[in-house]
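Everything on this sheet refers to the single structure shown next.
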Amino acid sequence: SEHLTYVDVLEQVPSALPPPEHLIEMVNRIKPRYYSIASSQSVCPKSIQLDVVVNQWKSASGKIHTGLCSGYLETLDVGSLITCMIQPAILPVPDLDRPAVLVGLGTGVAPMRALIQERMHLSKLGKKVGPTVLYYGCRNKDSEFLHEEEFSEYVQRGLVLKVAFSHEQNPEFVHNKLTEDPFFLKDLLLTHKGTFCLCGPSGDVPKLIRDGLKTAFMKTGMTAIDSEAALVDMDNQHRYHIEVW
C-alpha cells in the first residue's frame, strides 16, 4: 500500500500552505522506538550496544521509504549525541545455574546476545552456569549473521549454537530446528527446569515456535496433551517468555 508522509501530502497539494504553528499542532509526536540492549552491563559497563536493521520498503508508487529512527541512526557519526532512555527489560534473566534455551530471530538475537555475554562472563569468573543454548534464525549467512565471530568463540566455551538461514539455497527455519533436538530440549526444559526465551517478530512466529517445541516433546514419546500441559506448566512457573514486535 502507499505510505504517505506529511511532506508527501504537502508536495502533492502545493496550494496547501498551512502556517508552521498550525502544522506543528496537526502533526503527531514521534513515538519512541524501543530496541533491546544487545550487551551485558558486566561486559560493557560504560556503553550500550544495539542490533539495528535499517528498515526500507517500496510503496505502491515505487518510492523507497526508510524507517525514521533506523535511518536517522545510520546517518550519525561516531561520537554523536542522541536522546535516549533506558526501560525495564521485558525478558527476565534466567536463573544462572539452570539451563537457558534462547531463540533469537533477526535482530531479536540482541537480548539473547546480552544474556549469553553475561553467562559467559560469569562462567569465566568461576560462577556455576547452567547450559546455554541459542537457536538463531536469520535470512542470509553473509549479510545477516550478527555476532558470528563472538558466538563462535562462545561455542568453544560451551555455548550450544543452532543456526537456521531462511533465504539460503537450502532454507531452514528455527521452529523446524527445535523438532530436531527432542530429547535434548526435554532434558534441559522439563527434567532440569530450564528457562525458554524467544525474541522476534510477532504474527505467526510465536505459535510456530511453541508448536515446534511441542512437537519436540511429542517426539520423546509424550502425548500431545502432556506436551501442551508441559508448556502450560512452564508458563505458570515463569519459565517461558516471549518478546515480540
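A note on labels: chains of the C-alpha cells are A, B, ... as shown, every chain counts residues from 1, and ligands are counted from 1 in their shown order.
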
May I have a table of the residues of stretch 101-206 of chain A lying at most 9 Å from stretch 87-96 of chain A, giving each one's closest pair of atoms and their distance in Å to one decimal, counting only C-alpha atoms, ordered by chain and ascending residue number, as JSON lines?
{"residue": "A:Pro111", "atom": "CA", "partner": "A:Leu91", "partner_atom": "CA", "distance": 7.9}
{"residue": "A:Leu115", "atom": "CA", "partner": "A:Val93", "partner_atom": "CA", "distance": 7.1}
{"residue": "A:Arg119", "atom": "CA", "partner": "A:Leu96", "partner_atom": "CA", "distance": 7.1}
{"residue": "A:Leu122", "atom": "CA", "partner": "A:Leu96", "partner_atom": "CA", "distance": 8.9}
{"residue": "A:Lys127", "atom": "CA", "partner": "A:Leu96", "partner_atom": "CA", "distance": 8.6}
{"residue": "A:Lys128", "atom": "CA", "partner": "A:Leu96", "partner_atom": "CA", "distance": 7.3}
{"residue": "A:Val129", "atom": "CA", "partner": "A:Leu96", "partner_atom": "CA", "distance": 5.3}
{"residue": "A:Gly130", "atom": "CA", "partner": "A:Leu96", "partner_atom": "CA", "distance": 6.2}
{"residue": "A:Gly194", "atom": "CA", "partner": "A:Pro94", "partner_atom": "CA", "distance": 8.1}
{"residue": "A:Thr195", "atom": "CA", "partner": "A:Pro94", "partner_atom": "CA", "distance": 6.0}
{"residue": "A:Phe196", "atom": "CA", "partner": "A:Pro94", "partner_atom": "CA", "distance": 8.4}
{"residue": "A:Cys197", "atom": "CA", "partner": "A:Leu91", "partner_atom": "CA", "distance": 7.3}
{"residue": "A:Leu198", "atom": "CA", "partner": "A:Leu91", "partner_atom": "CA", "distance": 8.6}
{"residue": "A:Cys199", "atom": "CA", "partner": "A:Leu91", "partner_atom": "CA", "distance": 8.5}

Who sits within 7 Å of stretch 131-139 of chain A, only C-alpha atoms, same chain under 3 positions skipped, as a PDB file with C-alpha atoms, in the first residue's frame:
ATOM      1  CA  ARG A  98      19.790 -23.640  35.327  1.00  0.00           C
ATOM      2  CA  PRO A  99      19.628 -24.241  31.559  1.00  0.00           C
ATOM      3  CA  ALA A 100      18.674 -21.349  29.276  1.00  0.00           C
ATOM      4  CA  VAL A 101      17.246 -22.150  25.842  1.00  0.00           C
ATOM      5  CA  LEU A 102      17.193 -18.940  23.799  1.00  0.00           C
ATOM      6  CA  VAL A 103      15.597 -18.250  20.409  1.00  0.00           C
ATOM      7  CA  GLY A 104      16.550 -15.074  18.543  1.00  0.00           C
ATOM      8  CA  LEU A 105      15.129 -14.247  15.116  1.00  0.00           C
ATOM      9  CA  GLY A 106      16.781 -11.494  13.103  1.00  0.00           C
ATOM     10  CA  VAL A 109      19.080 -12.015  18.772  1.00  0.00           C
ATOM     11  CA  GLU A 144      22.753 -11.084   8.496  1.00  0.00           C
ATOM     12  CA  PHE A 145      24.622 -13.494  10.771  1.00  0.00           C
ATOM     13  CA  LEU A 159      27.575 -22.385  24.088  1.00  0.00           C
ATOM     14  CA  VAL A 160      25.376 -24.678  22.006  1.00  0.00           C
ATOM     15  CA  LEU A 161      24.601 -22.779  18.792  1.00  0.00           C
ATOM     16  CA  LYS A 162      21.970 -23.818  16.234  1.00  0.00           C
ATOM     17  CA  VAL A 163      21.571 -21.508  13.223  1.00  0.00           C
ATOM     18  CA  ALA A 164      18.858 -21.546  10.551  1.00  0.00           C
ATOM     19  CA  PHE A 165      19.156 -19.466   7.361  1.00  0.00           C
ATOM     20  CA  SER A 166      15.763 -18.992   5.726  1.00  0.00           C
ATOM     21  CA  HIS A 167      16.924 -17.452   2.422  1.00  0.00           C
ATOM     22  CA  PHE A 173      13.689 -22.411   9.957  1.00  0.00           C
ATOM     23  CA  VAL A 174      14.149 -22.292  13.706  1.00  0.00           C
TER      24      VAL A 174
END

Next on the checklist: List as JSON, numbers by chain the protein and nucleic acid residues near A:Met234, meaning an atom at most 10 Å away when only C-alpha atoms are counted, but skip any in the same chain fewer than 5 places from it.
Outcome noted: {"A": [189, 190, 193, 194, 195, 196, 228, 229, 239, 240, 241]}

Item to check | Counting only C-alpha atoms, the option among A:Gln237, A:Gln49, A:Ser15, A:Ser40 closest to A:His121 | outcome: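 Once distances to A:His121 are computed over only C-alpha atoms, the minimum belongs to A:Ser40.
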
Next on the checklist: Run DSSP on the backbone and tell me which residues of stretch 63-234 of chain A come out as helix (DSSP H, G or I); list them as a ChimeraX atom specification.
Outcome noted: /A:68-75,106-124,141-144,148-156,174-179,182-191,205-218,224-234

Checklist outcome for this item: Min atom-atom distance to A:Val205 from the set A:Val244, A:Met218, A:Ile116, A:Leu125, counting only C-alpha atoms, belongs to A:Val244

Next on the checklist: Please list as JSON, numbers by chain every residue within 10 Å of A:Trp245, counting only C-alpha atoms and excluding residues in the same chain fewer than 5 positions away.
Outcome noted: {"A": [34, 108, 199, 200, 201, 202, 203]}

Checklist entry - Restricting the calculation to only C-alpha atoms, which member of A:Leu81, A:Ala38, A:Val155, A:Leu68 is positioned closest to A:Ala114? => result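 Selected residue with least distance to A:Ala114: A:Ala38.
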
Item to check | Neighbour list for A:Ser70 as a list in words, cut-off 12 Å, only C-alpha atoms, skip fewer than 6 positions in-chain | outcome: Pro32, Arg33, Tyr34, Tyr35, Leu50, Asp51, Val52, Val53, Val54, Asn55, Gln56 and Leu76 of chain A

Take the residues from that selection and write them out as a short mmCIF file (atom, residue, chain, number, x, y, z; two decimals), in the first residue's frame, keeping N, CA, C and O atoms.
data_model
loop_
_atom_site.label_atom_id
_atom_site.label_comp_id
_atom_site.auth_asym_id
_atom_site.auth_seq_id
_atom_site.Cartn_x
_atom_site.Cartn_y
_atom_site.Cartn_z
N PRO A 32 8.45 6.97 20.54
CA PRO A 32 9.80 6.43 20.78
C PRO A 32 9.95 5.05 20.15
O PRO A 32 8.99 4.29 20.07
N ARG A 33 11.15 4.76 19.70
CA ARG A 33 11.46 3.44 19.17
C ARG A 33 12.22 2.67 20.24
O ARG A 33 13.17 3.18 20.82
N TYR A 34 11.79 1.44 20.47
CA TYR A 34 12.41 0.64 21.52
C TYR A 34 13.31 -0.44 20.89
O TYR A 34 12.88 -1.18 20.02
N TYR A 35 14.54 -0.49 21.37
CA TYR A 35 15.49 -1.51 20.93
C TYR A 35 15.98 -2.29 22.14
O TYR A 35 16.27 -1.70 23.19
N LEU A 50 23.55 -2.06 20.46
CA LEU A 50 22.26 -2.39 19.88
C LEU A 50 22.46 -3.15 18.57
O LEU A 50 23.50 -3.00 17.91
N ASP A 51 21.48 -3.95 18.21
CA ASP A 51 21.42 -4.55 16.87
C ASP A 51 20.29 -3.85 16.13
O ASP A 51 19.12 -4.00 16.50
N VAL A 52 20.63 -3.09 15.09
CA VAL A 52 19.62 -2.29 14.38
C VAL A 52 19.70 -2.60 12.89
O VAL A 52 20.78 -2.56 12.29
N VAL A 53 18.56 -2.91 12.31
CA VAL A 53 18.48 -3.06 10.85
C VAL A 53 17.82 -1.81 10.29
O VAL A 53 16.84 -1.31 10.85
N VAL A 54 18.39 -1.26 9.22
CA VAL A 54 17.81 -0.08 8.58
C VAL A 54 16.57 -0.54 7.80
O VAL A 54 16.68 -1.30 6.83
N ASN A 55 15.42 -0.11 8.25
CA ASN A 55 14.16 -0.55 7.67
C ASN A 55 13.86 0.24 6.40
O ASN A 55 13.71 1.46 6.44
N GLN A 56 13.79 -0.45 5.26
CA GLN A 56 13.47 0.19 3.99
C GLN A 56 12.40 -0.61 3.26
O GLN A 56 12.39 -1.84 3.32
N LEU A 76 24.31 9.02 11.63
CA LEU A 76 25.10 9.61 12.70
C LEU A 76 26.58 9.26 12.57
O LEU A 76 26.94 8.15 12.15
#

Next on the checklist: If we count only C-alpha atoms and set the cut-off at 8 Å, which residues sit around A:Glu2, ignoring sequence neighbours fewer than 4 positions away in its own chain? Please answer as number ranges by chain.
Outcome noted: A: 59-61

Would you save the residues of that selection, restricted to all heavy atoms, as an mmCIF file, in the first residue's frame?
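Written file, out-v8.cif:
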data_model
loop_
_atom_site.group_PDB
_atom_site.id
_atom_site.type_symbol
_atom_site.label_atom_id
_atom_site.label_comp_id
_atom_site.auth_asym_id
_atom_site.auth_seq_id
_atom_site.Cartn_x
_atom_site.Cartn_y
_atom_site.Cartn_z
ATOM 1 N N SER A 59 6.904 1.622 -1.675
ATOM 2 C CA SER A 59 5.453 1.806 -1.694
ATOM 3 C C SER A 59 4.907 1.483 -3.086
ATOM 4 O O SER A 59 5.663 1.197 -4.025
ATOM 5 C CB SER A 59 5.092 3.234 -1.301
ATOM 6 O OG SER A 59 5.645 4.157 -2.214
ATOM 7 N N ALA A 60 3.589 1.532 -3.214
ATOM 8 C CA ALA A 60 2.947 1.185 -4.482
ATOM 9 C C ALA A 60 3.411 2.076 -5.631
ATOM 10 O O ALA A 60 3.460 1.648 -6.789
ATOM 11 C CB ALA A 60 1.429 1.269 -4.332
ATOM 12 N N SER A 61 3.778 3.307 -5.332
ATOM 13 C CA SER A 61 4.218 4.235 -6.379
ATOM 14 C C SER A 61 5.676 4.009 -6.783
ATOM 15 O O SER A 61 6.162 4.639 -7.722
ATOM 16 C CB SER A 61 4.050 5.677 -5.888
ATOM 17 O OG SER A 61 4.903 5.923 -4.770
#
